[in-house]
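Visitor: Just final_20.pdb, nothing more (PDB, C-alpha atoms, pLDDT in the B column):
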ATOM      1  CA  MET Z   3     140.456 127.397  38.777  1.00 62.00           C
ATOM      2  CA  SER Z   4     140.314 127.029  42.552  1.00 85.00           C
ATOM      3  CA  GLU Z   5     142.615 129.250  44.577  1.00 92.00           C
ATOM      4  CA  GLN Z   6     144.033 128.302  47.933  1.00 96.00           C
ATOM      5  CA  ALA Z   7     146.304 129.970  50.452  1.00 97.00           C
ATOM      6  CA  PHE Z   8     148.541 128.637  53.207  1.00 98.00           C
ATOM      7  CA  HIS Z   9     150.558 129.895  56.149  1.00 98.00           C
ATOM      8  CA  ALA Z  10     153.653 127.772  56.776  1.00 98.00           C
ATOM      9  CA  LEU Z  11     156.493 127.584  59.277  1.00 98.00           C
ATOM     10  CA  VAL Z  12     159.657 125.782  58.220  1.00 98.00           C
ATOM     11  CA  ALA Z  13     162.213 124.574  60.772  1.00 98.00           C
ATOM     12  CA  GLY Z  14     165.690 123.093  60.434  1.00 98.00           C
ATOM     13  CA  ARG Z  15     168.746 124.517  58.697  1.00 98.00           C
ATOM     14  CA  VAL Z  16     166.735 127.067  56.729  1.00 98.00           C
ATOM     15  CA  GLN Z  17     168.518 130.344  57.449  1.00 96.00           C
ATOM     16  CA  GLY Z  18     171.823 131.252  55.839  1.00 95.00           C
ATOM     17  CA  VAL Z  19     171.253 128.814  52.946  1.00 97.00           C
ATOM     18  CA  SER Z  20     169.347 131.093  50.517  1.00 96.00           C
ATOM     19  CA  TYR Z  21     166.041 129.517  51.531  1.00 98.00           C
ATOM     20  CA  ARG Z  22     164.043 132.750  51.197  1.00 98.00           C
ATOM     21  CA  ALA Z  23     165.456 133.751  47.815  1.00 97.00           C
ATOM     22  CA  SER Z  24     165.023 130.219  46.496  1.00 98.00           C
ATOM     23  CA  ALA Z  25     161.466 130.039  47.855  1.00 98.00           C
ATOM     24  CA  ARG Z  26     160.646 133.316  46.110  1.00 98.00           C
ATOM     25  CA  ALA Z  27     162.062 132.054  42.811  1.00 98.00           C
ATOM     26  CA  GLU Z  28     160.098 128.798  43.073  1.00 98.00           C
ATOM     27  CA  ALA Z  29     156.870 130.580  44.036  1.00 98.00           C
ATOM     28  CA  LEU Z  30     157.189 132.939  41.069  1.00 97.00           C
ATOM     29  CA  ARG Z  31     157.947 130.005  38.761  1.00 98.00           C
ATOM     30  CA  LEU Z  32     154.716 128.366  39.963  1.00 98.00           C
ATOM     31  CA  GLY Z  33     152.705 131.588  39.594  1.00 97.00           C
ATOM     32  CA  LEU Z  34     152.054 132.022  43.317  1.00 97.00           C
ATOM     33  CA  CYS Z  35     151.748 135.242  45.266  1.00 97.00           C
ATOM     34  CA  GLY Z  36     152.763 135.885  48.867  1.00 97.00           C
ATOM     35  CA  TRP Z  37     155.819 136.454  51.023  1.00 97.00           C
ATOM     36  CA  VAL Z  38     158.596 134.761  52.996  1.00 98.00           C
ATOM     37  CA  ARG Z  39     160.681 135.937  55.969  1.00 98.00           C
ATOM     38  CA  ASN Z  40     163.112 134.702  58.622  1.00 98.00           C
ATOM     39  CA  LEU Z  41     161.961 134.501  62.225  1.00 98.00           C
ATOM     40  CA  GLN Z  42     164.130 135.224  65.271  1.00 97.00           C
ATOM     41  CA  ASP Z  43     163.801 131.598  66.449  1.00 97.00           C
ATOM     42  CA  GLY Z  44     165.575 130.257  63.335  1.00 97.00           C
ATOM     43  CA  ARG Z  45     162.478 129.233  61.381  1.00 98.00           C
ATOM     44  CA  VAL Z  46     161.214 130.628  58.095  1.00 98.00           C
ATOM     45  CA  GLU Z  47     157.627 131.878  57.800  1.00 98.00           C
ATOM     46  CA  VAL Z  48     155.789 131.729  54.480  1.00 98.00           C
ATOM     47  CA  TRP Z  49     152.364 132.921  53.298  1.00 98.00           C
ATOM     48  CA  PHE Z  50     151.426 131.925  49.771  1.00 98.00           C
ATOM     49  CA  GLY Z  51     148.398 131.564  47.589  1.00 97.00           C
ATOM     50  CA  GLY Z  52     147.340 130.635  44.110  1.00 96.00           C
ATOM     51  CA  GLU Z  53     146.061 127.724  42.046  1.00 96.00           C
ATOM     52  CA  ALA Z  54     145.580 124.529  44.095  1.00 96.00           C
ATOM     53  CA  GLU Z  55     148.028 122.389  42.114  1.00 97.00           C
ATOM     54  CA  ALA Z  56     150.726 125.083  42.301  1.00 97.00           C
ATOM     55  CA  CYS Z  57     150.213 125.332  46.079  1.00 98.00           C
ATOM     56  CA  ALA Z  58     150.634 121.562  46.423  1.00 97.00           C
ATOM     57  CA  ARG Z  59     153.861 121.685  44.407  1.00 98.00           C
ATOM     58  CA  PHE Z  60     155.179 124.570  46.504  1.00 98.00           C
ATOM     59  CA  LEU Z  61     154.411 122.721  49.741  1.00 98.00           C
ATOM     60  CA  ALA Z  62     156.449 119.796  48.400  1.00 98.00           C
ATOM     61  CA  TRP Z  63     159.282 122.206  47.558  1.00 98.00           C
ATOM     62  CA  LEU Z  64     159.149 123.766  51.046  1.00 98.00           C
ATOM     63  CA  ARG Z  65     159.686 120.282  52.555  1.00 98.00           C
ATOM     64  CA  GLN Z  66     162.971 119.996  50.600  1.00 97.00           C
ATOM     65  CA  GLY Z  67     164.181 123.571  50.225  1.00 97.00           C
ATOM     66  CA  PRO Z  68     167.241 124.575  48.207  1.00 97.00           C
ATOM     67  CA  PRO Z  69     170.573 122.737  48.203  1.00 95.00           C
ATOM     68  CA  GLY Z  70     172.233 123.288  51.572  1.00 95.00           C
ATOM     69  CA  ALA Z  71     168.957 123.398  53.498  1.00 97.00           C
ATOM     70  CA  SER Z  72     167.839 120.642  55.824  1.00 98.00           C
ATOM     71  CA  VAL Z  73     164.136 120.856  56.706  1.00 98.00           C
ATOM     72  CA  SER Z  74     163.273 119.100  59.957  1.00 98.00           C
ATOM     73  CA  GLU Z  75     159.659 120.258  60.211  1.00 98.00           C
ATOM     74  CA  LEU Z  76     157.044 121.898  58.013  1.00 98.00           C
ATOM     75  CA  LEU Z  77     153.876 123.090  59.696  1.00 98.00           C
ATOM     76  CA  HIS Z  78     151.191 124.502  57.438  1.00 98.00           C
ATOM     77  CA  GLU Z  79     147.541 125.440  57.612  1.00 98.00           C
ATOM     78  CA  PRO Z  80     145.057 126.704  55.055  1.00 97.00           C
ATOM     79  CA  VAL Z  81     144.115 130.364  55.388  1.00 97.00           C
ATOM     80  CA  SER Z  82     141.805 132.728  53.542  1.00 94.00           C
ATOM     81  CA  TYR Z  83     143.069 133.603  50.091  1.00 90.00           C
ATOM     82  CA  VAL Z  84     143.901 137.274  49.596  1.00 85.00           C
ATOM     83  CA  ALA Z  85     145.582 138.260  46.340  1.00 81.00           C
ATOM     84  CA  HIS Z  86     149.043 139.804  46.683  1.00 82.00           C
ATOM     85  CA  ALA Z  87     151.078 141.445  43.955  1.00 87.00           C
ATOM     86  CA  GLY Z  88     154.000 139.107  43.327  1.00 94.00           C
ATOM     87  CA  PHE Z  89     156.032 137.269  45.943  1.00 97.00           C
ATOM     88  CA  GLU Z  90     158.338 139.188  48.242  1.00 96.00           C
ATOM     89  CA  VAL Z  91     161.118 138.511  50.698  1.00 97.00           C
ATOM     90  CA  ARG Z  92     160.180 140.456  53.822  1.00 95.00           C
ATOM     91  CA  ALA Z  93     162.429 141.735  56.568  1.00 91.00           C
ATOM     92  CA  SER Z  94     163.122 139.322  59.410  1.00 90.00           C
ATOM     93  CA  ARG Z  95     160.776 139.375  62.344  1.00 84.00           C
TER      94      ARG Z  95
END
Could you express the structure from this file as C-alpha coordinates?
Guide:
Amino acid sequence: MSEQAFHALVAGRVQGVSYRASARAEALRLGLCGWVRNLQDGRVEVWFGGEAEACARFLAWLRQGPPGASVSELLHEPVSYVAHAGFEVRASR
(Lines of atoms letter the chains of each structure in order from A and count residues from 1; the text may use other names and numbers.)
(Lines give C-alpha, C1' and ligand atoms only; values in the text may rest on other atoms or scores of the structure.)
Protein backbone atom coordinates (compact mmCIF):
# COMPACT_ATOMS: atom_id res chain seq x y z
CA MET A 1 0.00 0.00 0.00
CA SER A 2 1.45 3.37 -0.98
CA GLU A 3 0.53 6.33 1.19
CA GLN A 4 0.30 9.87 -0.07
CA ALA A 5 -0.52 13.22 1.48
CA PHE A 6 -1.79 16.49 0.06
CA HIS A 7 -2.30 20.09 1.10
CA ALA A 8 -5.29 21.68 -0.64
CA LEU A 9 -6.99 25.06 -0.82
CA VAL A 10 -10.60 25.16 -1.96
CA ALA A 11 -12.21 28.39 -3.19
CA GLY A 12 -15.78 29.30 -4.09
CA ARG A 13 -18.93 29.04 -1.99
CA VAL A 14 -17.34 26.68 0.53
CA GLN A 15 -18.07 28.34 3.87
CA GLY A 16 -21.49 28.25 5.48
CA VAL A 17 -22.51 25.15 3.48
CA SER A 18 -21.24 22.39 5.82
CA TYR A 19 -18.16 21.88 3.65
CA ARG A 20 -15.84 21.09 6.58
CA ALA A 21 -18.18 18.64 8.30
CA SER A 22 -18.95 16.93 5.00
CA ALA A 23 -15.25 16.77 4.10
CA ARG A 24 -14.52 15.16 7.47
CA ALA A 25 -17.27 12.57 6.96
CA GLU A 26 -16.01 11.74 3.46
CA ALA A 27 -12.38 11.53 4.59
CA LEU A 28 -13.31 9.16 7.41
CA ARG A 29 -15.41 7.07 5.02
CA LEU A 30 -12.35 6.75 2.77
CA GLY A 31 -10.04 5.93 5.70
CA LEU A 32 -7.99 9.12 5.43
CA CYS A 33 -6.37 11.08 8.23
CA GLY A 34 -5.84 14.84 8.42
CA TRP A 35 -7.72 18.06 9.07
CA VAL A 36 -9.84 20.80 7.49
CA ARG A 37 -10.41 24.44 8.46
CA ASN A 38 -11.88 27.71 7.18
CA LEU A 39 -9.55 30.54 6.24
CA GLN A 40 -10.26 34.24 6.77
CA ASP A 41 -10.22 34.86 3.00
CA GLY A 42 -13.24 32.57 2.43
CA ARG A 43 -11.34 29.48 1.30
CA VAL A 44 -11.13 26.11 3.01
CA GLU A 45 -7.74 24.55 3.77
CA VAL A 46 -7.32 20.78 3.90
CA TRP A 47 -4.41 18.46 4.77
CA PHE A 48 -5.05 14.78 4.22
CA GLY A 49 -3.17 11.56 3.79
CA GLY A 50 -3.67 7.87 3.29
CA GLU A 51 -3.83 5.21 0.59
CA ALA A 52 -3.25 6.61 -2.93
CA GLU A 53 -6.61 5.55 -4.36
CA ALA A 54 -8.48 7.03 -1.37
CA CYS A 55 -6.57 10.31 -1.80
CA ALA A 56 -7.55 10.44 -5.48
CA ARG A 57 -11.21 9.87 -4.58
CA PHE A 58 -11.08 12.57 -1.91
CA LEU A 59 -9.54 15.06 -4.34
CA ALA A 60 -12.45 14.36 -6.70
CA TRP A 61 -14.88 14.92 -3.81
CA LEU A 62 -13.17 18.21 -2.86
CA ARG A 63 -13.77 19.48 -6.43
CA GLN A 64 -17.53 18.94 -5.93
CA GLY A 65 -18.09 19.40 -2.21
CA PRO A 66 -21.42 18.85 -0.48
CA PRO A 67 -24.81 19.97 -1.80
CA GLY A 68 -24.97 23.76 -1.56
CA ALA A 69 -21.26 24.25 -2.23
CA SER A 70 -19.91 25.69 -5.45
CA VAL A 71 -16.18 25.07 -5.90
CA SER A 72 -14.53 27.55 -8.26
CA GLU A 73 -10.92 26.47 -7.68
CA LEU A 74 -9.04 23.59 -6.09
CA LEU A 75 -5.31 24.00 -5.64
CA HIS A 76 -3.43 21.02 -4.28
CA GLU A 77 0.13 19.84 -3.91
CA PRO A 78 1.69 16.64 -2.62
CA VAL A 79 3.37 16.92 0.77
CA SER A 80 5.24 14.54 3.05
CA TYR A 81 2.99 11.96 4.63
CA VAL A 82 2.75 12.17 8.41
CA ALA A 83 0.21 9.94 10.13
CA HIS A 84 -2.52 11.75 12.08
CA ALA A 85 -5.06 10.20 14.40
CA GLY A 86 -8.40 10.55 12.63
CA PHE A 87 -9.63 13.57 10.70
CA GLU A 88 -10.51 16.75 12.54
CA VAL A 89 -12.26 20.03 11.88
CA ARG A 90 -9.89 22.70 13.15
CA ALA A 91 -10.67 26.21 14.28
CA SER A 92 -10.72 28.86 11.57
CA ARG A 93 -7.49 30.64 10.82
Visitor: What would the selection look like, as a list in words, if the PyMOL selection byres ((chain Z and resi 82-90) around 8) were run on the coordinates I just shared?
Guide: Glu5, Gln6, Ala7, Phe8, Arg26, Ala29, Leu30, Leu34, Cys35, Gly36, Trp37, Val38, Gly51, Gly52, Pro80, Val81, Val91 and Arg92 of chain Z
Visitor: List the neighbours of Glu55 in chain Z out to 10 Å using only C-alpha atoms; skip same-chain residues closer than 2 positions along the sequence, and give me the result as a PyMOL selection string.
Guide: chain Z and resi 3-6+32+52-53+57-61
Visitor: When you count all atoms listed in the file, which of these residues is closest to Ala23 in chain Z: Z:Asn40, Z:Arg95, Z:Leu77, Z:Gln66?
Guide: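 Once distances to Ala23 in chain Z are computed over all atoms listed in the file, the minimum belongs to Z:Asn40.
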Visitor: So how far away is CA of Leu11 in chain Z from CA of Ala54 in chain Z, in Å?
Guide: 18.9 Å
Visitor: Tell me which residues the PyMOL selection byres ((chain Z and resi 13) around 9) grabs here, as JSON, numbers by chain.
Guide: {"Z": [11, 12, 14, 15, 16, 44, 45, 46, 72, 73, 74, 75, 76, 77]}
Visitor: Output the selection as a CSV table (one decimal), in the coordinates of the input - C-alpha atoms for each residue.
Guide:
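Saved the output as again25.csv:
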chain,number,residue,atom,x,y,z
Z,11,LEU,CA,156.5,127.6,59.3
Z,12,VAL,CA,159.7,125.8,58.2
Z,14,GLY,CA,165.7,123.1,60.4
Z,15,ARG,CA,168.7,124.5,58.7
Z,16,VAL,CA,166.7,127.1,56.7
Z,44,GLY,CA,165.6,130.3,63.3
Z,45,ARG,CA,162.5,129.2,61.4
Z,46,VAL,CA,161.2,130.6,58.1
Z,72,SER,CA,167.8,120.6,55.8
Z,73,VAL,CA,164.1,120.9,56.7
Z,74,SER,CA,163.3,119.1,60.0
Z,75,GLU,CA,159.7,120.3,60.2
Z,76,LEU,CA,157.0,121.9,58.0
Z,77,LEU,CA,153.9,123.1,59.7
Visitor: Go ahead and compute the interatomic distance for CA of Ser24 in chain Z and CA of Glu79 in chain Z, in Å to one decimal.
Guide: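 The value is 21.3 Å.
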Visitor: Which polymer residues, protein or nucleic acid, are no farther than 7 Å from (156.1, 133.2, 53.6), counting all atoms listed in the file, as an mmCIF file with C-alpha atoms, in the frame of the given file?
Guide:
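Resulting contents of result.cif:
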data_model
loop_
_atom_site.group_PDB
_atom_site.id
_atom_site.type_symbol
_atom_site.label_atom_id
_atom_site.label_comp_id
_atom_site.auth_asym_id
_atom_site.auth_seq_id
_atom_site.Cartn_x
_atom_site.Cartn_y
_atom_site.Cartn_z
ATOM 1 C CA HIS Z 9 150.558 129.895 56.149
ATOM 2 C CA ALA Z 10 153.653 127.772 56.776
ATOM 3 C CA GLY Z 36 152.763 135.885 48.867
ATOM 4 C CA TRP Z 37 155.819 136.454 51.023
ATOM 5 C CA VAL Z 38 158.596 134.761 52.996
ATOM 6 C CA ARG Z 39 160.681 135.937 55.969
ATOM 7 C CA GLU Z 47 157.627 131.878 57.800
ATOM 8 C CA VAL Z 48 155.789 131.729 54.480
ATOM 9 C CA TRP Z 49 152.364 132.921 53.298
ATOM 10 C CA PHE Z 50 151.426 131.925 49.771
#
Visitor: Fix up range 63-81 of chain Z with N, CA and C atoms, then write it as an mmCIF file, in the frame of the given file.
Guide:
data_model
loop_
_atom_site.group_PDB
_atom_site.id
_atom_site.type_symbol
_atom_site.label_atom_id
_atom_site.label_comp_id
_atom_site.auth_asym_id
_atom_site.auth_seq_id
_atom_site.Cartn_x
_atom_site.Cartn_y
_atom_site.Cartn_z
ATOM 1 N N TRP Z 63 157.985 121.542 47.636
ATOM 2 C CA TRP Z 63 159.282 122.206 47.558
ATOM 3 C C TRP Z 63 159.727 122.687 48.937
ATOM 4 N N LEU Z 64 158.804 123.263 49.712
ATOM 5 C CA LEU Z 64 159.149 123.766 51.046
ATOM 6 C C LEU Z 64 159.696 122.644 51.933
ATOM 7 N N ARG Z 65 159.205 121.424 51.761
ATOM 8 C CA ARG Z 65 159.686 120.282 52.555
ATOM 9 C C ARG Z 65 161.143 119.949 52.248
ATOM 10 N N GLN Z 66 161.597 120.279 51.024
ATOM 11 C CA GLN Z 66 162.971 119.996 50.600
ATOM 12 C C GLN Z 66 163.862 121.224 50.747
ATOM 13 N N GLY Z 67 163.384 122.350 50.227
ATOM 14 C CA GLY Z 67 164.181 123.571 50.225
ATOM 15 C C GLY Z 67 165.291 123.503 49.197
ATOM 16 N N PRO Z 68 166.136 124.519 49.171
ATOM 17 C CA PRO Z 68 167.241 124.575 48.207
ATOM 18 C C PRO Z 68 168.397 123.682 48.663
ATOM 19 N N PRO Z 69 169.373 123.462 47.777
ATOM 20 C CA PRO Z 69 170.573 122.737 48.203
ATOM 21 C C PRO Z 69 171.197 123.456 49.399
ATOM 22 N N GLY Z 70 171.648 122.704 50.366
ATOM 23 C CA GLY Z 70 172.233 123.288 51.572
ATOM 24 C C GLY Z 70 171.257 123.390 52.720
ATOM 25 N N ALA Z 71 169.974 123.359 52.438
ATOM 26 C CA ALA Z 71 168.957 123.398 53.498
ATOM 27 C C ALA Z 71 168.695 121.987 54.008
ATOM 28 N N SER Z 72 168.241 121.914 55.228
ATOM 29 C CA SER Z 72 167.839 120.642 55.824
ATOM 30 C C SER Z 72 166.571 120.915 56.628
ATOM 31 N N VAL Z 73 165.425 120.580 56.066
ATOM 32 C CA VAL Z 73 164.136 120.856 56.706
ATOM 33 C C VAL Z 73 163.817 119.738 57.679
ATOM 34 N N SER Z 74 163.623 120.094 58.940
ATOM 35 C CA SER Z 74 163.273 119.100 59.957
ATOM 36 C C SER Z 74 161.775 119.082 60.246
ATOM 37 N N GLU Z 75 161.094 120.197 59.937
ATOM 38 C CA GLU Z 75 159.659 120.258 60.211
ATOM 39 C C GLU Z 75 159.010 121.314 59.315
ATOM 40 N N LEU Z 76 157.855 120.956 58.784
ATOM 41 C CA LEU Z 76 157.044 121.898 58.013
ATOM 42 C C LEU Z 76 155.640 121.855 58.585
ATOM 43 N N LEU Z 77 155.237 122.955 59.199
ATOM 44 C CA LEU Z 77 153.876 123.090 59.696
ATOM 45 C C LEU Z 77 153.143 124.017 58.741
ATOM 46 N N HIS Z 78 151.945 123.630 58.336
ATOM 47 C CA HIS Z 78 151.191 124.502 57.438
ATOM 48 C C HIS Z 78 149.709 124.351 57.705
ATOM 49 N N GLU Z 79 148.988 125.442 57.443
ATOM 50 C CA GLU Z 79 147.541 125.440 57.612
ATOM 51 C C GLU Z 79 146.922 126.280 56.509
ATOM 52 N N PRO Z 80 145.749 125.887 56.047
ATOM 53 C CA PRO Z 80 145.057 126.704 55.055
ATOM 54 C C PRO Z 80 144.558 127.994 55.694
ATOM 55 N N VAL Z 81 144.603 129.062 54.936
ATOM 56 C CA VAL Z 81 144.115 130.364 55.388
ATOM 57 C C VAL Z 81 143.275 130.965 54.267
#
